[in-house]
file run.cif (mmCIF, C-alpha atoms)
data_protein
#
loop_
_atom_site.label_atom_id
_atom_site.label_comp_id
_atom_site.auth_asym_id
_atom_site.auth_seq_id
_atom_site.Cartn_x
_atom_site.Cartn_y
_atom_site.Cartn_z
CA MET K 1 8.87 -15.99 26.63
CA SER K 2 6.88 -13.17 25.08
CA ARG K 3 5.36 -13.14 21.64
CA ASN K 4 7.76 -10.29 20.83
CA ASP K 5 10.56 -12.87 20.79
CA PHE K 6 8.91 -14.79 17.95
CA GLU K 7 9.37 -14.11 14.24
CA ILE K 8 7.11 -14.48 11.19
CA ALA K 9 7.87 -16.43 8.00
CA VAL K 10 5.59 -16.70 4.96
CA PHE K 11 5.92 -19.46 2.36
CA GLY K 12 3.90 -20.58 -0.64
CA GLY K 13 4.62 -24.06 -1.91
CA GLY K 14 1.40 -25.29 -3.46
CA CYS K 15 -1.76 -26.02 -1.53
CA PHE K 16 -1.64 -24.40 1.88
CA TRP K 17 -3.20 -27.49 3.45
CA CYS K 18 -0.03 -29.42 2.57
CA THR K 19 2.48 -26.88 3.82
CA GLU K 20 0.45 -26.21 6.97
CA ALA K 21 0.32 -29.94 7.82
CA ILE K 22 4.10 -30.17 7.58
CA PHE K 23 5.16 -26.98 9.33
CA ALA K 24 2.68 -27.63 12.16
CA LYS K 25 4.90 -30.58 13.12
CA VAL K 26 8.13 -28.56 13.26
CA LYS K 27 9.69 -27.94 16.66
CA GLY K 28 9.86 -24.20 17.30
CA VAL K 29 6.91 -23.35 15.08
CA ILE K 30 4.33 -21.85 17.41
CA ILE K 31 1.41 -21.10 15.06
CA VAL K 32 0.72 -21.88 11.40
CA LYS K 33 -2.01 -19.97 9.58
CA CYS K 34 -3.28 -20.56 6.06
CA GLY K 35 -3.85 -17.47 3.97
CA TYR K 36 -3.21 -15.46 0.86
CA ALA K 37 -0.39 -13.09 -0.14
CA GLY K 38 0.96 -11.38 -3.21
CA GLY K 39 -2.28 -10.27 -4.84
CA ASN K 40 -4.21 -7.16 -5.65
CA VAL K 41 -7.73 -7.57 -4.21
CA GLN K 42 -8.80 -6.40 -0.75
CA ASN K 43 -9.93 -9.23 1.55
CA PRO K 44 -9.78 -12.05 -1.01
CA THR K 45 -11.86 -15.16 -0.59
CA TYR K 46 -10.87 -18.72 -1.41
CA LEU K 47 -13.27 -18.68 -4.35
CA GLN K 48 -11.63 -15.56 -5.79
CA VAL K 49 -8.09 -16.87 -5.26
CA SER K 50 -8.92 -20.30 -6.71
CA GLU K 51 -10.02 -18.64 -9.97
CA GLY K 52 -6.36 -17.73 -10.43
CA ASN K 53 -6.74 -14.10 -11.51
CA THR K 54 -6.25 -12.17 -8.25
CA GLY K 55 -2.47 -12.49 -8.14
CA TYR K 56 -2.63 -14.21 -4.75
CA ALA K 57 -0.77 -17.34 -3.78
CA GLU K 58 -1.96 -19.81 -1.18
CA VAL K 59 0.57 -19.37 1.61
CA ILE K 60 1.21 -20.20 5.21
CA GLN K 61 2.28 -17.71 7.82
CA LEU K 62 4.44 -19.20 10.55
CA GLU K 63 5.10 -17.71 13.91
CA PHE K 64 8.31 -19.32 15.13
CA ASP K 65 10.81 -19.15 17.95
CA PRO K 66 14.24 -18.40 16.46
CA LYS K 67 15.87 -19.75 19.63
CA ILE K 68 14.53 -23.19 18.71
CA ILE K 69 14.53 -23.13 14.90
CA SER K 70 16.20 -20.63 12.62
CA TYR K 71 14.77 -19.03 9.52
CA SER K 72 17.45 -20.79 7.46
CA GLU K 73 16.32 -24.15 8.86
CA LEU K 74 12.73 -23.31 7.89
CA LEU K 75 13.96 -22.44 4.40
CA ASP K 76 15.70 -25.82 4.14
CA ILE K 77 12.42 -27.54 4.97
CA PHE K 78 10.56 -25.33 2.48
CA TRP K 79 12.89 -26.35 -0.38
CA HIS K 80 12.48 -30.05 0.34
CA ILE K 81 8.71 -30.30 0.82
CA HIS K 82 7.63 -28.99 -2.57
CA ASN K 83 8.86 -28.78 -6.15
CA PRO K 84 10.47 -25.38 -6.74
CA PHE K 85 11.20 -26.25 -10.38
CA THR K 86 7.64 -26.28 -11.72
CA LEU K 87 5.96 -22.99 -12.53
CA ASN K 88 2.51 -22.52 -11.03
CA ARG K 89 2.04 -26.17 -10.19
CA GLN K 90 2.46 -28.58 -7.31
CA GLY K 91 1.32 -32.11 -8.08
CA PRO K 92 -2.36 -32.03 -9.07
CA ASP K 93 -2.74 -28.36 -8.11
CA ILE K 94 -2.32 -26.05 -11.10
CA GLY K 95 -2.50 -22.26 -11.27
CA THR K 96 -0.65 -19.14 -10.14
CA GLN K 97 -2.18 -19.53 -6.68
CA TYR K 98 0.01 -22.63 -6.22
CA ARG K 99 3.29 -20.99 -7.19
CA SER K 100 6.50 -21.37 -5.23
CA VAL K 101 7.16 -18.14 -3.35
CA ILE K 102 8.91 -16.81 -0.28
CA PHE K 103 7.54 -13.59 1.18
CA TYR K 104 10.15 -11.99 3.40
CA THR K 105 9.34 -9.69 6.31
CA THR K 106 12.83 -8.26 6.96
CA ASP K 107 15.96 -7.43 4.97
CA LYS K 108 17.72 -10.24 6.83
CA GLN K 109 15.07 -12.73 5.67
CA GLN K 110 15.47 -11.50 2.09
CA GLU K 111 19.23 -12.06 2.25
CA GLU K 112 18.83 -15.50 3.83
CA ALA K 113 16.19 -16.53 1.28
CA GLN K 114 18.37 -15.46 -1.65
CA LYS K 115 21.41 -17.23 -0.20
CA SER K 116 19.34 -20.33 0.50
CA MET K 117 17.87 -20.38 -3.01
CA LYS K 118 21.33 -20.03 -4.55
CA PHE K 119 22.65 -22.89 -2.41
CA TYR K 120 19.62 -25.08 -3.16
CA SER K 121 19.85 -24.31 -6.89
CA GLU K 122 23.50 -25.27 -7.01
CA SER K 123 23.18 -28.40 -4.89
CA GLU K 124 19.80 -29.83 -5.85
CA ALA K 125 18.69 -28.40 -9.17
CA ALA K 126 20.78 -30.58 -11.49
CA GLY K 127 20.45 -28.00 -14.25
CA ASN K 128 16.76 -27.22 -13.67
CA PRO K 129 16.00 -23.57 -12.97
CA VAL K 130 14.33 -22.80 -9.65
CA VAL K 131 11.17 -20.77 -10.37
CA THR K 132 10.58 -19.67 -6.76
CA LYS K 133 10.06 -15.93 -6.33
CA ILE K 134 11.38 -14.03 -3.33
CA LEU K 135 9.19 -11.01 -2.63
CA PRO K 136 8.46 -8.58 0.19
CA LEU K 137 5.34 -9.36 2.19
CA GLU K 138 2.97 -6.49 1.64
CA LYS K 139 -0.18 -7.99 3.13
CA PHE K 140 -1.25 -11.35 4.48
CA TYR K 141 -4.94 -12.23 4.48
CA LEU K 142 -6.09 -15.06 6.70
CA ALA K 143 -7.95 -17.81 4.82
CA GLU K 144 -11.41 -18.85 5.88
CA GLU K 145 -11.69 -20.83 9.11
CA TYR K 146 -12.44 -24.16 7.40
CA HIS K 147 -8.95 -24.03 5.80
CA GLN K 148 -7.17 -23.74 9.15
CA ASN K 149 -5.78 -27.06 10.47
CA TYR K 150 -7.44 -28.78 7.52
CA PHE K 151 -5.36 -31.95 7.59
CA GLU K 152 -5.75 -32.33 11.34
CA LYS K 153 -9.53 -31.95 11.04
CA ASN K 154 -9.94 -34.09 7.89
CA PRO K 155 -7.23 -36.78 7.83
CA THR K 156 -9.37 -39.31 5.95
CA GLN K 157 -10.48 -36.91 3.23
CA PRO K 158 -9.19 -38.19 -0.18
CA TYR K 159 -6.99 -35.13 -0.87
CA CYS K 160 -5.38 -35.58 2.53
CA GLN K 161 -4.74 -39.28 1.90
CA LEU K 162 -3.50 -38.95 -1.69
CA VAL K 163 -1.60 -35.64 -1.64
CA ILE K 164 -0.80 -34.49 1.89
CA ASN K 165 0.11 -37.86 3.46
CA PRO K 166 2.90 -38.63 0.94
CA LYS K 167 4.42 -35.16 1.45
CA LEU K 168 4.13 -35.50 5.19
CA ASN K 169 5.76 -38.95 5.15
CA LYS K 170 8.64 -37.62 3.03
CA PHE K 171 9.10 -34.80 5.54
CA LEU K 172 8.99 -37.17 8.52
CA GLU K 173 11.68 -39.38 6.97
CA ARG K 174 14.06 -36.48 6.34
CA TYR K 175 13.50 -34.27 9.38
CA GLN K 176 13.13 -36.51 12.42
CA ASP K 177 15.33 -34.12 14.41
CA LYS K 178 12.97 -31.19 13.74
CA LEU K 179 9.76 -32.76 15.05
CA LYS K 180 7.80 -31.44 18.03
#
call {"tool": "encode", "arguments": {"input": "run.cif", "output": "structure tokens"}}
result
Amino acid sequence: MSRNDFEIAVFGGGCFWCTEAIFAKVKGVIIVKCGYAGGNVQNPTYLQVSEGNTGYAEVIQLEFDPKIISYSELLDIFWHIHNPFTLNRQGPDIGTQYRSVIFYTTDKQQEEAQKSMKFYSESEAAGNPVVTKILPLEKFYLAEEYHQNYFEKNPTQPYCQLVINPKLNKFLERYQDKLK
């Protein structure tokens, strides 16, 4: 299979270490990269993004095989691995860089994301408004190398133990059929 058969998805759901650790375990996801999207500075650094005034969100870019996992299945996972009801916050991580956001790369992805958000809002929200934004991907900047595969490289680090592990365990319980 050629790389031309793969598609790209970009999600922001809090710290990119958390979302990367989860999506890296999903069958059909070929590559997960941590990075930044949605901002207004050329070649942002982690330090700049973490200050919260660049407009960037911490995101992951997935390369996936749509013959194995669909974009709508990825969206379902996205909704269930973070809190789309809190503005600019996921657990202990606070700031616009941790906002809930879907960056679409095609008109079809935009339609699917909007449909998925409507379904999720009606079935899961229980009256709480979903604050997730659905935006076109203008530019994705790869995060620094030490952010890539962070959980895999640092499983005993306190943030990994206290924040990522509980999210990962919740994912593993719900999505056994989606594991590599």
call {"tool": "atom_distance", "arguments": {"input": "run.cif", "atom1": "atom CA of Phe171 of chain K", "atom2": "atom CA of Ile60 of chain K"}}
result
16.6 Å
call {"tool": "closest_residue", "arguments": {"input": "run.cif", "among": "K:Gln61, K:Asn4, K:Ser100, K:Thr156", "to": "Ala24 of chain K", "atoms": "all atoms listed in the file"}}
result
K:Gln61
call {"tool": "residues_near_point", "arguments": {"input": "run.cif", "point": "(-2.6, -14.9, 2.2)", "cutoff": "9 Å", "atoms": "all atoms listed in the file", "output": "list of chain:residue names"}}
result
K:Val10, K:Lys33, K:Cys34, K:Gly35, K:Tyr36, K:Ala37, K:Gly38, K:Gly39, K:Pro44, K:Tyr56, K:Ala57, K:Glu58, K:Val59, K:Ile60, K:Gln61, K:Lys139, K:Phe140, K:Tyr141, K:Leu142, K:Ala143
call {"tool": "residues_around", "arguments": {"input": "run.cif", "residues": "Leu168 of chain K", "least_positions_apart": "6", "cutoff": "10 Å", "atoms": "only C-alpha atoms", "output": "mmCIF file with C-alpha atoms, in the coordinates of the input"}}
result
data_model
loop_
_atom_site.group_PDB
_atom_site.id
_atom_site.type_symbol
_atom_site.label_atom_id
_atom_site.label_comp_id
_atom_site.auth_asym_id
_atom_site.auth_seq_id
_atom_site.Cartn_x
_atom_site.Cartn_y
_atom_site.Cartn_z
ATOM 1 C CA CYS K 18 -0.030 -29.420 2.570
ATOM 2 C CA THR K 19 2.480 -26.880 3.820
ATOM 3 C CA ALA K 21 0.320 -29.940 7.820
ATOM 4 C CA ILE K 22 4.100 -30.170 7.580
ATOM 5 C CA PHE K 23 5.160 -26.980 9.330
ATOM 6 C CA LYS K 25 4.900 -30.580 13.120
ATOM 7 C CA ILE K 81 8.710 -30.300 0.820
ATOM 8 C CA CYS K 160 -5.380 -35.580 2.530
#
call {"tool": "atom_distance", "arguments": {"input": "run.cif", "atom1": "atom CA of Pro136 of chain K", "atom2": "atom CA of Leu47 of chain K"}}
result
24.4 Å
